[in-house]
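Taking it in order: structure first as structure tokens, then the write-up.
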2 protein chains.
Amino acid sequence: MPRAYGGVSPEQRRAERRARLLQAGLELFTSTGFAATKITELCTEAGVSTRNFYEEFGSKEDLLRELHDLINATAFDRVRAALTELETAEVSTRIATLLDVFVRTVTADPRAPRLNYVEAVGVNTEIEQQHVRWVTTWAEFIESEALRAAAAGVAPRRSYRLTAIALVGAVTGLLREWQAHEPPLAVDEIATEIRELMLAAITRP
Amino acid sequence: MPRAYGGVSPEQRRAERRARLLQAGLELFTSTGFAATKITELCTEAGVSTRNFYEEFGSKEDLLRELHDLINATAFDRVRAALTELETAEVSTRIATLLDVFVRTVTADPRAPRLNYVEAVGVNTEIEQQHVRWVTTWAEFIESEALRAAAAGVAPRRSYRLTAIALVGAVTGLLREWQAHEPPLAVDEIATEIRELMLAAITRP
DNA sequence: GTAATCTGACAAGCCGGATTACCACTTGGC
DNA sequence: GCCAAGTGGTAATCCGGCTTGTCAGATTAC
């Protein structure tokens, strides 16, 4: 018999605690570092008891994995939404939009690339597998744009699998440097660089 | 068990223990994972006592950092050696050689890219700084090749800084996927892909 | 108003690994 | 052969964080 406390349902309070824990994870993992962050610190930051933590997550790794998935899913949804609105547009416009939306989404909060490309690397098998899945997802996305370009006659007909993986790596590398550099690299220069690189990679003979 | 230290100098035995510890680190960090590897396991694998471990390294992180530096330095030296022998060659030949030697060196032992691009990421500040230094080193290398190409008239005169960083990321991304995939991606396809991508990136208008 | 129920803070036990103190042993010098 | 110096392995200690048991307090139904 679940009953409401203080006018708020148990599920809602749980959801809020969960959200606060995710926020705390994003903050501490990217400042203190994942390995050095203690569960009690997460709970203090989130204003939650250790008991609550274990109600929501099985471990610190669990929390990290969820964050990683969340960041990728958010970026992916935005990019997909932007592209479905450009169904009939030219390939170059679509590619420009794809990269622009992606870079803008991920750089909006510097903690996102830090968590995605630094803290969530090499933690355990599950997160590595999740990483591979996301790389594949992004690569297939890029691949399908390349095939559109080929169909439109502005790119050769060939397999774009490795090219797509390489481009994902290029984006990842630039963003990882972006978040590590002081003074930071300019976001729009990065977006421009990636756009031109991708166009050159696809339209090359 | 090494008995009888007559004939063998203490420094040499130290050096051999150190080498065995580095080998053990390479093996265990890339199989068990860095975080899950215990110091006693390293010592068992290396046939060395914990006492010896602390004579050589201050911590597990120290050992990892040394391995990371070693792998990069080895690859770098080989690439530089190959290129100094091609001082007067054409730009396309130099670039092809650069990438070929690099990819071949790093993929010779699958544990190398695994350690470099997965296990050594996000461990601590020192290793991250070392990573940034190596990316910078490699990027400057690529940049100078691009400037050669510009001087030869086969590429436009512009800044190649971001392009170089992106290319380093592309190589990193491909090799990270290479070591993670089952069945593995073909090494020479990767080398070809990177070579063409780099040529396209540099010679683009 | 009261009892039943739920919630969250606290803290102590527990566990596992890092670190060092100790001792047995080897070696070369006398 | 015996002793001084140095070496290496083992085992005990120590530490720090994870995890859960407990309890006091808050809240609502009757």
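Residues in the structure tokens are named by chain (A, B, ... in the order shown) and by number from 1 within that chain; ligands are numbered from 1 in the order shown.
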
Counting only C-alpha atoms, which residues from chain B have an atom at most 7 Å from any atom of chain A, and could you show them as a PyMOL selection string?
chain B and resi 118-119+121-122+162-163+165-167+169-174+193+197+200-201+204

May I have the selected residues written with C-alpha atoms, as a PDB file, in the first residue's frame?
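Writing done, so here's selection_12.pdb:
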```
ATOM      1  CA  VAL B 118      41.242   2.095 -23.113  1.00  0.00           C
ATOM      2  CA  GLU B 119      42.975   1.207 -19.865  1.00  0.00           C
ATOM      3  CA  VAL B 121      42.167   6.719 -20.042  1.00  0.00           C
ATOM      4  CA  GLY B 122      40.722   8.686 -17.164  1.00  0.00           C
ATOM      5  CA  LEU B 162      42.653  21.054 -35.759  1.00  0.00           C
ATOM      6  CA  THR B 163      42.882  18.816 -38.785  1.00  0.00           C
ATOM      7  CA  ILE B 165      44.150  16.615 -33.903  1.00  0.00           C
ATOM      8  CA  ALA B 166      41.097  15.220 -35.679  1.00  0.00           C
ATOM      9  CA  LEU B 167      43.291  12.784 -37.599  1.00  0.00           C
ATOM     10  CA  GLY B 169      41.459  11.019 -33.080  1.00  0.00           C
ATOM     11  CA  ALA B 170      40.479   9.118 -36.205  1.00  0.00           C
ATOM     12  CA  VAL B 171      43.456   6.789 -35.853  1.00  0.00           C
ATOM     13  CA  THR B 172      42.781   6.350 -32.155  1.00  0.00           C
ATOM     14  CA  GLY B 173      39.126   5.592 -32.787  1.00  0.00           C
ATOM     15  CA  LEU B 174      39.858   3.004 -35.454  1.00  0.00           C
ATOM     16  CA  GLU B 193      41.411   3.916 -44.704  1.00  0.00           C
ATOM     17  CA  LEU B 197      41.401   9.902 -45.025  1.00  0.00           C
ATOM     18  CA  ALA B 200      41.741  13.790 -48.357  1.00  0.00           C
ATOM     19  CA  ALA B 201      41.842  15.907 -45.199  1.00  0.00           C
ATOM     20  CA  ARG B 204      40.950  19.337 -49.568  1.00  0.00           C
TER      21      ARG B 204
END
```

Excluding D:DA11 and residues on its chain fewer than 6 positions from it, collect all residues at most 12 Å away from it, counting only C-alpha atoms (C1' of nucleotides), and give them as a ChimeraX atom specification.
/B:50 /C:20-23

Those residues you just picked out, can you put them in a file as an mmCIF file, in the first residue's frame with N, CA and C atoms (P, O5', C5', C4', C3', O3' and C1' of nucleotides)?
```
data_model
loop_
_atom_site.group_PDB
_atom_site.id
_atom_site.type_symbol
_atom_site.label_atom_id
_atom_site.label_comp_id
_atom_site.auth_asym_id
_atom_site.auth_seq_id
_atom_site.Cartn_x
_atom_site.Cartn_y
_atom_site.Cartn_z
ATOM 1 N N THR B 50 56.349 -8.323 -3.410
ATOM 2 C CA THR B 50 55.756 -6.982 -3.292
ATOM 3 C C THR B 50 56.824 -5.975 -2.891
ATOM 4 P P DT C 20 55.040 1.905 3.179
ATOM 5 O "O5'" DT C 20 55.489 0.948 4.370
ATOM 6 C "C5'" DT C 20 54.710 0.907 5.563
ATOM 7 C "C4'" DT C 20 55.149 -0.246 6.447
ATOM 8 C "C3'" DT C 20 56.663 -0.382 6.638
ATOM 9 O "O3'" DT C 20 56.892 -0.807 7.976
ATOM 10 C "C1'" DT C 20 55.817 -2.397 5.839
ATOM 11 P P DA C 21 58.154 -0.225 8.748
ATOM 12 O "O5'" DA C 21 58.237 -1.203 9.993
ATOM 13 C "C5'" DA C 21 57.031 -1.815 10.481
ATOM 14 C "C4'" DA C 21 57.296 -3.259 10.884
ATOM 15 C "C3'" DA C 21 58.722 -3.532 11.381
ATOM 16 O "O3'" DA C 21 58.644 -4.421 12.497
ATOM 17 C "C1'" DA C 21 58.245 -4.941 9.548
ATOM 18 P P DC C 22 59.955 -4.739 13.360
ATOM 19 O "O5'" DC C 22 60.225 -6.270 13.015
ATOM 20 C "C5'" DC C 22 59.123 -7.176 12.952
ATOM 21 C "C4'" DC C 22 59.511 -8.415 12.178
ATOM 22 C "C3'" DC C 22 60.888 -8.984 12.545
ATOM 23 O "O3'" DC C 22 60.718 -10.316 13.009
ATOM 24 C "C1'" DC C 22 60.597 -8.903 10.190
ATOM 25 P P DC C 23 61.917 -10.960 13.899
ATOM 26 O "O5'" DC C 23 62.367 -12.167 12.965
ATOM 27 C "C5'" DC C 23 61.388 -13.013 12.381
ATOM 28 C "C4'" DC C 23 61.959 -13.703 11.149
ATOM 29 C "C3'" DC C 23 63.340 -14.341 11.357
ATOM 30 O "O3'" DC C 23 63.361 -15.610 10.726
ATOM 31 C "C1'" DC C 23 63.411 -12.907 9.515
#
```

Rank D:DT13, D:DT7, D:DT22, D:DT27 by their smallest atom-to-atom distance to chain B, using only C-alpha atoms (C1' of nucleotides), and report the top residue only.
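Of D:DT13, D:DT7, D:DT22, D:DT27, the one nearest chain B is D:DT7, counting only C-alpha atoms (C1' of nucleotides).
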
Calculate the C-alpha RMSD, in Å to one decimal, after superposing chain A onto chain B by least squares over all C-alpha atoms paired in sequence order.
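It comes to 2.4 Å after superposition.
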
Using only C-alpha atoms (C1' of nucleotides), determine which residues lie at most 8 Å from A:Ala112, disregarding the query and same-chain residues fewer than 6 positions distant; provide the list as an MDAnalysis selection string.
chainID A and resid 26 71 106

Pick out the residues sitting within 10 Å of A:Glu45, and hand them over as a count of residues only; count only C-alpha atoms (C1' of nucleotides), and ignore anything fewer than 2 positions along from it in its own chain.
14

Between B:Ile127, B:Lys38, B:Ala108, B:Arg18, which residue has the minimum interatomic distance to chain C, considering only C-alpha atoms (C1' of nucleotides)?
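Counting only C-alpha atoms (C1' of nucleotides), the residue closest to chain C is B:Lys38.
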
Need the shell around D:DG21: protein/DNA/RNA residues with any atom at most 12 Å away, counting only C-alpha atoms (C1' of nucleotides). Skip same-chain ones fewer than 5 positions apart. Format as an MDAnalysis selection string?
(chainID A and resid 51) or (chainID C and resid 10:13)

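The nearest approach to chain B among the residues C:DC30, C:DC14, C:DC25, C:DA9, with only C-alpha atoms (C1' of nucleotides) taken into account, belongs to C:DC25.
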
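Interface residues on chain D toward chain A (cut-off 9 Å, only C-alpha atoms (C1' of nucleotides)): DG17, DC18, DT20, DT27 and DT28 of chain D.
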